[in-house]
Amino acid sequence: MIIRWVSEDGKRKWIYPIKRDIYTKGKIVKQVSKKANVIGITKVNIPSPMHPIIPYYVLLLEDEHGNRIPKKVMREYKIGGNYEIKPATTDDAVIITKIKYDVYEYLKESMELLHSYSISPEDKILIKPSIIEPTYPYRAVTTNPELLNALITYLKEKEVKDIVVAEQAMLGNDTMASAKKAGVLDVCKKHEIPFIDLAKSEYLEKTYDNFNFRIAREILERKIINMPVMKTNSQIIISGAMENMLRVVDEDTQKGMFEKDINKTLPKLIKTLPEFLTIGDATIGLQGNGPTLLGEPAFLNMLFLSKDPVALDAVFAESGILTIPQYVKIASLLDVGNCDTKKIEIVGDELEAIKCSLKPAEKNATAHTKIKLIDGNANPYTYNTALKMTAKLVGLLGDEVNLVIGSLITKEMLQKKNRLVAYGKDAIEQLKKLRVKAIAEIPENMDDTEKVMLLKSILQSPNKKEITVADKLKSKVASFGMKIKKKF
Amino acid sequence: MSYIKGVGMSKFDVSQKASYERVYECVNEALDSGNVSLDDIDAIFISTSEAESNGERQKHAGPMVSSMFQKKIPILSVPAGCCGGGAALWDAINFQKVNNARNVLAIGFEKLVANISEKVTDEMLRGGERIYEQAEGMIFPAQNALVAQQYMMKYNVTSDDLALVALKNHENAFDNPKARFYKKKVTLDMIKKSPIVASPLRLFDCSIPCNGAAAVIISRDKTDIEIAGSSLSTSKLSSFEREDLTSWSSTIHAAKNAYNQSGTTAKDIDIAEIHDAFTSVELISYDDLGFCSKGEGAKLIREGKVNINGYLPTNTSGGLKAKGHPISATGISQIYELVLQLRNQAGKRQVDNIKYALAHNIGGAGCVTTVHILRKAQ
């Protein structure tokens, strides 16, 4: 697609989506072409960080208005040939679109490339963004409100009247505060669309393969458009189409899914849910130690769309030169979707042409360089609060501490690991089962200040073998002091 | 009227001297050659791309120069990509004229080659338009390859013509002690057999990145070299947006203004330093600067008219191609060469009977261009 913003008199053209002609103050007309001729080709043999795979080709395309754009491809074209993006022909196709300034126009084009997907005015749409914690949109932890705005605008143009946006934050965070900071509530307000906190939903029970999922009623009664931020994830390699649907179930279900191994239960949840469309938000995208604020913006400027969440996640992982996660592979085995990227129909930009190494998430990363996680599939609440605890200690010197979380801890995971601290009920019980002694056991329900003070005392005392009465007293006093301080 | 007093230039190479060392060295040479004291400098215009990949982590070049020279005078940084040197000079001249300043110093410096080539390529890629060009793999060789291809198809220019440009500039650099390719023999065979970087451009069609610095002192005091014309023109950031892909309007406009200011035409020019970031750019620039009719640039090189013994010697320094291209230093290093030529100090590269000399400096793929015309004072 080639877009230009043209002055009314046709004398000036911009590649930027400007609103008014700055010379005449006149209106701007959007010129959109979907077909172009190839007028130039170069084969590039030099790799660069954004374009590591060589050789690649850059085509110079020109439309019927004489507007031109460069286009990176891996296939050979001939000068004089045509370039046109054909719509998908299969249900598991993944649409890959690089956004050129105009998020709305490229979202619209991507939607229209989907195979047998339609929106009708009678549809009751639920948009499920990703809003896991209170952060600003530029951090790319939450769905970009500009993309959400573009989707709602598109749906309204299709005369859809019943649209809601629904999400619940990561366990341990407040949904409404997160949605506000993410800019999502502002978009909802602008379009007069309700925002639903799924944590407060009525839940309906669905069972698959002996696992009970308590699913928010709205999810089962509406047409879902899933809108995850495409991210790297320290626990499960990536967060995307599948992981974003984790937060449509209640707290206990989420915890149970991790206890029973999220890699196995997440595919079952997706199998249980009605079919949904995913618009993967890689307008910025997150890399490094996601999915939380420990990650960093990746500036991908792309969209991934698919009716098949498994295919979408597999394609995203491969585009970032990351390992395809186990849950994606298991989902494919359960026939939830297709994870074989060689067999998935790719529409729009070529997968090989967008491949660029994303920084993978480290399995044991925390905010503090000396505190490492040993994660036995901890549930989101334990994981989230463990990270928050370590964030409070950033800047303090100390000796390495291994914070053990989750119920699926094995002896192998603990080999050659010293200075263990068991955090959360699951880890405490599991270490007891394994007969491994930890320096301290910190339950999730302990006061936040106490938790931090205990961890701090271990971090700063290299020879500490166990928590003493004095440590406990000190942490309680600190906690009491904090409460008094807050009160006044 | 503005005149040139002194010029200085570090060797263009890949040595890992700190930027301050190179700046210090070339400014010192400029002060000595112009017989000027640092106390007599009224303002400084400095250009550097403030690269992140070189490990110096030094932005804010103006105050850095203030620290080096212990000056409280106006010091302004003028980044303009590969046209940084030309833009700093253009600013210095305008400042000198408007304020009737006695002496104004213009400096360009770069420490570019200090990391793996992928990082350096990425650093340079950032000069391209981010959404259409960077995201679509339009590294600078690719941008220029697509333009070169259009020019070659339209005017029946061949890769052999491009090779002749490379050969000429390497032969000139062979005798330039400050050039990256000084005393390095390059043959036509080597050029033609060099690997394709971005088709149709080969390795030897591309200028050579390096580190370097150059300085020039502009003055109101009459000297032997007058700045007869100084012009800067801009165009759209991305080359694919322009009406004519085979002609760069910023060069045409900048040249037209500089000719008008100096009361000259292209025919009056005796020697030129042209922005040969790629050999194809030199050919296109022959057309755009008016040295030949449109599309006839290749004739000039085929017939040897732009060789050092031709009627219009171009890039006697070796050009960006073989002297080297340390981005922001390039524009001022062109002035350095022309001043040596006008003062009969160019050694084996000396061209006789020069009155008018032209320097042409481009930033990006033709998006900002300066043209300066120097005249040997009577």
# chains A, B, ... in the order shown; residues from 1 in each chain; ligands from 1
call {"tool": "residues_around", "arguments": {"residues": "Cys26 in chain B", "least_positions_apart": "2", "cutoff": "8 Å", "atoms": "only C-alpha atoms", "output": "short mmCIF file (atom, residue, chain, number, x, y, z; two decimals) with C-alpha atoms, in the first residue's frame"}}
result
data_model
loop_
_atom_site.label_atom_id
_atom_site.label_comp_id
_atom_site.auth_asym_id
_atom_site.auth_seq_id
_atom_site.Cartn_x
_atom_site.Cartn_y
_atom_site.Cartn_z
CA VAL B 7 43.18 25.38 6.97
CA GLY B 8 44.01 22.20 8.84
CA MET B 9 43.26 18.55 8.52
CA SER B 10 44.15 15.38 10.38
CA ARG B 22 42.06 15.19 16.12
CA VAL B 23 40.23 18.48 16.59
CA TYR B 24 43.16 19.93 18.49
CA ASN B 28 46.42 23.92 15.45
CA GLU B 29 47.40 23.46 11.80
CA ALA B 30 44.74 25.92 10.66
CA ALA B 213 38.87 16.11 11.41
CA ALA B 214 39.33 19.30 9.39
CA ALA B 215 39.23 23.01 10.15
#
call {"tool": "residues_around", "arguments": {"residues": "Met242 in chain A", "least_positions_apart": "6", "cutoff": "12 Å", "atoms": "only C-alpha atoms", "output": "count of residues only"}}
result
46
call {"tool": "interface_residues", "arguments": {"of": "chain B", "to": "chain A", "cutoff": "6 Å", "atoms": "only C-alpha atoms", "output": "list in words"}}
result
Glu118, Asp122, Ile131, Glu136, Val197, Ala198, Ser199 and Phe240 of chain B
call {"tool": "write_last_selection", "arguments": {"atoms": "N, CA and C atoms", "output": "JSON list (two decimals), in the first residue's frame"}}
result
[["chain", "number", "residue", "atom", "x", "y", "z"],
["B", 118, "GLU", "N", 28.53, -3.77, 11.42],
["B", 118, "GLU", "CA", 27.06, -3.74, 11.53],
["B", 118, "GLU", "C", 26.59, -2.51, 12.32],
["B", 122, "ASP", "N", 24.57, 0.66, 10.96],
["B", 122, "ASP", "CA", 23.33, 1.07, 11.62],
["B", 122, "ASP", "C", 23.37, 2.55, 11.98],
["B", 131, "ILE", "N", 10.86, 5.45, 8.80],
["B", 131, "ILE", "CA", 9.73, 4.54, 8.60],
["B", 131, "ILE", "C", 9.79, 3.82, 7.26],
["B", 136, "GLU", "N", 12.85, -0.58, 5.73],
["B", 136, "GLU", "CA", 12.84, -1.39, 4.51],
["B", 136, "GLU", "C", 14.26, -1.73, 4.04],
["B", 197, "VAL", "N", 27.98, -4.73, -3.37],
["B", 197, "VAL", "CA", 27.48, -4.33, -2.05],
["B", 197, "VAL", "C", 25.96, -4.20, -2.11],
["B", 198, "ALA", "N", 25.50, -3.42, -3.05],
["B", 198, "ALA", "CA", 24.05, -3.29, -3.33],
["B", 198, "ALA", "C", 23.98, -3.04, -4.82],
["B", 199, "SER", "N", 23.50, -4.04, -5.54],
["B", 199, "SER", "CA", 23.58, -3.98, -7.00],
["B", 199, "SER", "C", 22.91, -2.71, -7.53],
["B", 240, "PHE", "N", 13.28, 8.65, -2.71],
["B", 240, "PHE", "CA", 12.20, 8.08, -3.51],
["B", 240, "PHE", "C", 11.02, 9.03, -3.68]]
call {"tool": "select_by_dssp", "arguments": {"residues": "range 5-42 of chain B", "states": "helix (DSSP H, G or I)", "output": "MDAnalysis selection string"}}
result
chainID B and resid 19:34 38:40
call {"tool": "residues_around", "arguments": {"residues": "Ser234 in chain A", "least_positions_apart": "4", "cutoff": "8 Å", "atoms": "only C-alpha atoms", "output": "ChimeraX atom specification"}}
result
/A:238,289-291,361-365
call {"tool": "write_last_selection", "arguments": {"atoms": "N, CA and C atoms", "output": "PDB file, in the first residue's frame"}}
result
ATOM      1  N   ILE A 238       7.687 -15.907  25.165  1.00  0.00           N
ATOM      2  CA  ILE A 238       6.989 -14.743  24.607  1.00  0.00           C
ATOM      3  C   ILE A 238       5.583 -14.618  25.204  1.00  0.00           C
ATOM      4  N   ASN A 289      13.734  -8.417  29.247  1.00  0.00           N
ATOM      5  CA  ASN A 289      13.110  -9.148  30.348  1.00  0.00           C
ATOM      6  C   ASN A 289      11.647  -8.784  30.590  1.00  0.00           C
ATOM      7  N   GLY A 290      10.840  -8.944  29.540  1.00  0.00           N
ATOM      8  CA  GLY A 290       9.402  -8.761  29.683  1.00  0.00           C
ATOM      9  C   GLY A 290       8.815  -9.889  30.493  1.00  0.00           C
ATOM     10  N   PRO A 291       7.534  -9.891  30.752  1.00  0.00           N
ATOM     11  CA  PRO A 291       6.533  -9.006  30.133  1.00  0.00           C
ATOM     12  C   PRO A 291       6.296  -7.717  30.901  1.00  0.00           C
ATOM     13  N   ALA A 361      14.279 -12.798  26.735  1.00  0.00           N
ATOM     14  CA  ALA A 361      14.125 -12.588  28.178  1.00  0.00           C
ATOM     15  C   ALA A 361      14.978 -13.618  28.913  1.00  0.00           C
ATOM     16  N   GLU A 362      15.620 -13.169  29.988  1.00  0.00           N
ATOM     17  CA  GLU A 362      16.389 -14.114  30.803  1.00  0.00           C
ATOM     18  C   GLU A 362      15.414 -14.805  31.758  1.00  0.00           C
ATOM     19  N   LYS A 363      15.617 -16.082  31.927  1.00  0.00           N
ATOM     20  CA  LYS A 363      14.706 -16.883  32.746  1.00  0.00           C
ATOM     21  C   LYS A 363      14.737 -16.447  34.214  1.00  0.00           C
ATOM     22  N   ASN A 364      15.892 -15.975  34.656  1.00  0.00           N
ATOM     23  CA  ASN A 364      16.039 -15.725  36.101  1.00  0.00           C
ATOM     24  C   ASN A 364      16.170 -14.237  36.442  1.00  0.00           C
ATOM     25  N   ALA A 365      15.783 -13.374  35.516  1.00  0.00           N
ATOM     26  CA  ALA A 365      16.039 -11.948  35.731  1.00  0.00           C
ATOM     27  C   ALA A 365      15.095 -11.330  36.752  1.00  0.00           C
TER      28      ALA A 365
END
call {"tool": "closest_residue", "arguments": {"among": "B:Val281, B:Ile332, B:Ala298, B:Ile354", "to": "Ser47 in chain B", "atoms": "only C-alpha atoms"}}
result
B:Ile332
call {"tool": "select_by_dssp", "arguments": {"residues": "range 242-397 of chain A", "states": "strand (DSSP E)", "output": "ChimeraX atom specification"}}
result
/A:277-288,295-297,302-306,346-348,371-375
call {"tool": "write_last_selection", "arguments": {"atoms": "N, CA and C atoms", "output": "short mmCIF file (atom, residue, chain, number, x, y, z; two decimals), in the first residue's frame"}}
result
data_model
loop_
_atom_site.label_atom_id
_atom_site.label_comp_id
_atom_site.auth_asym_id
_atom_site.auth_seq_id
_atom_site.Cartn_x
_atom_site.Cartn_y
_atom_site.Cartn_z
N LEU A 277 -10.22 -13.42 16.96
CA LEU A 277 -9.22 -12.79 16.11
C LEU A 277 -8.18 -12.15 17.00
N THR A 278 -6.92 -12.25 16.59
CA THR A 278 -5.87 -11.55 17.34
C THR A 278 -5.23 -10.47 16.46
N ILE A 279 -5.14 -9.29 17.05
CA ILE A 279 -4.36 -8.22 16.42
C ILE A 279 -3.15 -8.01 17.31
N GLY A 280 -2.04 -8.56 16.93
CA GLY A 280 -0.83 -8.47 17.74
C GLY A 280 -0.23 -7.09 17.61
N ASP A 281 -0.15 -6.41 18.75
CA ASP A 281 0.34 -5.03 18.76
C ASP A 281 1.86 -5.02 18.87
N ALA A 282 2.49 -4.85 17.72
CA ALA A 282 3.95 -4.67 17.73
C ALA A 282 4.25 -3.25 17.22
N THR A 283 3.32 -2.33 17.51
CA THR A 283 3.57 -0.93 17.12
C THR A 283 4.87 -0.46 17.79
N ILE A 284 5.06 -0.92 19.02
CA ILE A 284 6.37 -0.73 19.67
C ILE A 284 6.93 -2.13 19.94
N GLY A 285 6.22 -2.92 20.70
CA GLY A 285 6.70 -4.26 21.05
C GLY A 285 7.72 -4.18 22.18
N LEU A 286 7.82 -5.30 22.92
CA LEU A 286 8.73 -5.31 24.08
C LEU A 286 9.77 -6.41 23.91
N GLN A 287 11.01 -6.09 24.24
CA GLN A 287 12.06 -7.11 24.20
C GLN A 287 12.82 -7.11 25.53
N GLY A 288 13.72 -8.06 25.69
CA GLY A 288 14.44 -8.17 26.96
C GLY A 288 13.55 -8.84 28.00
N GLY A 295 11.35 -5.19 30.87
CA GLY A 295 11.64 -5.23 29.43
C GLY A 295 11.89 -3.83 28.89
N GLU A 296 12.22 -3.79 27.60
CA GLU A 296 12.49 -2.48 26.99
C GLU A 296 11.81 -2.40 25.62
N PRO A 297 11.43 -1.20 25.20
CA PRO A 297 10.74 -1.07 23.92
C PRO A 297 11.60 -1.58 22.76
N MET A 302 5.06 -2.66 13.80
CA MET A 302 4.40 -3.68 12.99
C MET A 302 3.09 -4.15 13.62
N LEU A 303 2.30 -4.83 12.80
CA LEU A 303 1.10 -5.51 13.28
C LEU A 303 1.16 -6.97 12.83
N PHE A 304 0.67 -7.86 13.67
CA PHE A 304 0.52 -9.27 13.31
C PHE A 304 -0.95 -9.61 13.51
N LEU A 305 -1.61 -10.06 12.49
CA LEU A 305 -3.03 -10.42 12.63
C LEU A 305 -3.23 -11.87 12.25
N SER A 306 -4.10 -12.54 12.99
CA SER A 306 -4.46 -13.91 12.60
C SER A 306 -5.69 -14.38 13.35
N ILE A 346 1.76 -16.69 4.98
CA ILE A 346 2.14 -15.35 5.43
C ILE A 346 1.66 -14.36 4.37
N VAL A 347 0.95 -13.35 4.82
CA VAL A 347 0.41 -12.36 3.89
C VAL A 347 0.96 -10.99 4.29
N GLY A 348 1.31 -10.19 3.29
CA GLY A 348 1.86 -8.85 3.57
C GLY A 348 3.37 -8.90 3.49
N ILE A 371 19.98 -10.56 42.62
CA ILE A 371 18.88 -11.46 43.04
C ILE A 371 18.35 -12.16 41.80
N LYS A 372 18.47 -13.49 41.79
CA LYS A 372 18.03 -14.28 40.64
C LYS A 372 16.78 -15.07 41.01
N LEU A 373 15.94 -15.26 40.01
CA LEU A 373 14.76 -16.08 40.24
C LEU A 373 15.05 -17.53 39.86
N ILE A 374 14.54 -18.44 40.64
CA ILE A 374 14.47 -19.84 40.19
C ILE A 374 12.97 -20.11 40.10
N ASP A 375 12.48 -20.15 38.90
CA ASP A 375 11.03 -20.11 38.68
C ASP A 375 10.48 -21.49 38.33
#
call {"tool": "residues_around", "arguments": {"residues": "Glu123 in chain B", "least_positions_apart": "2", "cutoff": "8 Å", "atoms": "only C-alpha atoms", "output": "mmCIF file with N, CA and C atoms, in the first residue's frame"}}
result
data_model
loop_
_atom_site.group_PDB
_atom_site.id
_atom_site.type_symbol
_atom_site.label_atom_id
_atom_site.label_comp_id
_atom_site.auth_asym_id
_atom_site.auth_seq_id
_atom_site.Cartn_x
_atom_site.Cartn_y
_atom_site.Cartn_z
ATOM 1 N N ALA B 51 28.159 10.283 17.004
ATOM 2 C CA ALA B 51 27.887 8.852 16.885
ATOM 3 C C ALA B 51 27.824 8.190 18.271
ATOM 4 N N GLU B 52 26.945 7.204 18.378
ATOM 5 C CA GLU B 52 26.839 6.470 19.650
ATOM 6 C C GLU B 52 27.736 5.240 19.644
ATOM 7 N N SER B 53 28.085 4.785 18.437
ATOM 8 C CA SER B 53 28.766 3.497 18.358
ATOM 9 C C SER B 53 30.268 3.599 18.615
ATOM 10 N N LYS B 119 27.321 -2.225 13.397
ATOM 11 C CA LYS B 119 26.924 -1.089 14.243
ATOM 12 C C LYS B 119 27.168 0.229 13.513
ATOM 13 N N VAL B 120 28.281 0.284 12.783
ATOM 14 C CA VAL B 120 28.593 1.511 12.045
ATOM 15 C C VAL B 120 27.574 1.702 10.920
ATOM 16 N N THR B 121 27.234 0.604 10.236
ATOM 17 C CA THR B 121 26.212 0.674 9.177
ATOM 18 C C THR B 121 24.906 1.180 9.774
ATOM 19 N N LEU B 125 22.750 4.353 8.922
ATOM 20 C CA LEU B 125 21.375 4.120 8.459
ATOM 21 C C LEU B 125 20.409 5.119 9.103
ATOM 22 N N ARG B 126 20.755 5.573 10.300
ATOM 23 C CA ARG B 126 19.869 6.489 11.017
ATOM 24 C C ARG B 126 19.714 7.834 10.309
ATOM 25 N N GLY B 127 20.597 8.096 9.351
ATOM 26 C CA GLY B 127 20.458 9.319 8.559
ATOM 27 C C GLY B 127 19.335 9.214 7.544
#
call {"tool": "closest_residue", "arguments": {"among": "A:Lys411, A:Lys355, A:Lys392, A:Lys78", "to": "Ala135 in chain B", "atoms": "only C-alpha atoms"}}
result
A:Lys355
call {"tool": "residues_around", "arguments": {"residues": "range 344-353 of chain B", "least_positions_apart": "5", "cutoff": "8 Å", "atoms": "only C-alpha atoms", "output": "list of chain:residue names"}}
result
B:Asn172, B:Asp175, B:Asn176, B:Ile308, B:Asn309, B:Pro313, B:Thr316, B:Ser317, B:Glu337
call {"tool": "write_last_selection", "arguments": {"atoms": "C-alpha atoms", "output": "CSV table (one decimal), in the first residue's frame"}}
result
chain,number,residue,atom,x,y,z
B,172,ASN,CA,44.7,10.9,-6.9
B,175,ASP,CA,49.7,11.0,-3.9
B,176,ASN,CA,47.7,12.5,-0.9
B,308,ILE,CA,44.0,15.5,-12.8
B,309,ASN,CA,45.4,16.4,-16.2
B,313,PRO,CA,40.2,18.0,-12.4
B,316,THR,CA,42.3,15.6,-6.7
B,317,SER,CA,42.4,14.8,-3.0
B,337,GLU,CA,42.3,20.4,-0.6
call {"tool": "residues_around", "arguments": {"residues": "Lys474 in chain A", "least_positions_apart": "3", "cutoff": "10 Å", "atoms": "only C-alpha atoms", "output": "PDB file with N, CA and C atoms, in the first residue's frame"}}
result
ATOM      1  N   GLU A 450       7.839  -5.883  55.303  1.00  0.00           N
ATOM      2  CA  GLU A 450       8.520  -6.975  56.004  1.00  0.00           C
ATOM      3  C   GLU A 450       9.263  -7.880  55.012  1.00  0.00           C
ATOM      4  N   MET A 453      12.373  -6.113  53.810  1.00  0.00           N
ATOM      5  CA  MET A 453      13.400  -6.016  54.847  1.00  0.00           C
ATOM      6  C   MET A 453      14.099  -7.362  55.073  1.00  0.00           C
ATOM      7  N   LEU A 454      13.334  -8.436  55.021  1.00  0.00           N
ATOM      8  CA  LEU A 454      13.938  -9.764  55.204  1.00  0.00           C
ATOM      9  C   LEU A 454      14.889 -10.083  54.052  1.00  0.00           C
ATOM     10  N   SER A 457      18.048  -8.110  54.367  1.00  0.00           N
ATOM     11  CA  SER A 457      18.995  -8.590  55.387  1.00  0.00           C
ATOM     12  C   SER A 457      19.801  -9.780  54.861  1.00  0.00           C
ATOM     13  N   THR A 468      17.102 -14.715  61.647  1.00  0.00           N
ATOM     14  CA  THR A 468      17.108 -14.732  63.111  1.00  0.00           C
ATOM     15  C   THR A 468      15.893 -13.987  63.651  1.00  0.00           C
ATOM     16  N   VAL A 469      15.701 -14.131  64.931  1.00  0.00           N
ATOM     17  CA  VAL A 469      14.609 -13.402  65.592  1.00  0.00           C
ATOM     18  C   VAL A 469      14.831 -11.906  65.416  1.00  0.00           C
ATOM     19  N   ALA A 470      16.074 -11.512  65.514  1.00  0.00           N
ATOM     20  CA  ALA A 470      16.403 -10.080  65.373  1.00  0.00           C
ATOM     21  C   ALA A 470      16.006  -9.573  63.979  1.00  0.00           C
ATOM     22  N   ASP A 471      16.264 -10.393  62.943  1.00  0.00           N
ATOM     23  CA  ASP A 471      15.878  -9.991  61.575  1.00  0.00           C
ATOM     24  C   ASP A 471      14.369  -9.792  61.485  1.00  0.00           C
ATOM     25  N   VAL A 477       9.426  -3.954  62.795  1.00  0.00           N
ATOM     26  CA  VAL A 477       9.541  -2.550  63.222  1.00  0.00           C
ATOM     27  C   VAL A 477       9.502  -1.639  61.980  1.00  0.00           C
ATOM     28  N   ALA A 478      10.228  -2.040  60.932  1.00  0.00           N
ATOM     29  CA  ALA A 478      10.252  -1.233  59.699  1.00  0.00           C
ATOM     30  C   ALA A 478       8.856  -1.137  59.105  1.00  0.00           C
ATOM     31  N   SER A 479       8.163  -2.264  59.142  1.00  0.00           N
ATOM     32  CA  SER A 479       6.812  -2.301  58.600  1.00  0.00           C
ATOM     33  C   SER A 479       5.883  -1.392  59.400  1.00  0.00           C
ATOM     34  N   PHE A 480       6.026  -1.467  60.721  1.00  0.00           N
ATOM     35  CA  PHE A 480       5.211  -0.624  61.585  1.00  0.00           C
ATOM     36  C   PHE A 480       5.507   0.860  61.310  1.00  0.00           C
TER      37      PHE A 480
END
call {"tool": "residues_around", "arguments": {"residues": "Thr369 in chain A", "least_positions_apart": "5", "cutoff": "10 Å", "atoms": "only C-alpha atoms", "output": "list in words"}}
result
Thr390, Leu393, Val394, Gly395, Leu396, Leu397, Gly398, Asp399, Glu400 and Val401 of chain A
call {"tool": "closest_residue", "arguments": {"among": "B:Val216, B:Met153, B:Leu105, B:Val14", "to": "Pro74 in chain B", "atoms": "only C-alpha atoms"}}
result
B:Leu105
call {"tool": "closest_residue", "arguments": {"among": "B:Asn169, B:Ser231, B:Asn144, B:Thr158", "to": "Lys299 in chain B", "atoms": "only C-alpha atoms"}}
result
B:Thr158
call {"tool": "atom_distance", "arguments": {"atom1": "CA of Ile284 in chain B", "atom2": "CA of Gln341 in chain B"}}
result
24.3 Å
call {"tool": "closest_atom_pairs", "arguments": {"of": "range 61-138 of chain A", "to": "range 177-190 of chain A", "cutoff": "8 Å", "atoms": "only C-alpha atoms", "output": "tab-separated table"}}
result
residue	atom	partner	partner_atom	distance
A:Ile131	CA	A:Ala179	CA	6.2
A:Ile132	CA	A:Ser178	CA	6.9
A:Glu133	CA	A:Ser178	CA	5.1
A:Pro134	CA	A:Ser178	CA	3.7
A:Thr135	CA	A:Lys181	CA	5.7
A:Tyr136	CA	A:Ala182	CA	5.0
A:Pro137	CA	A:Ala182	CA	5.2
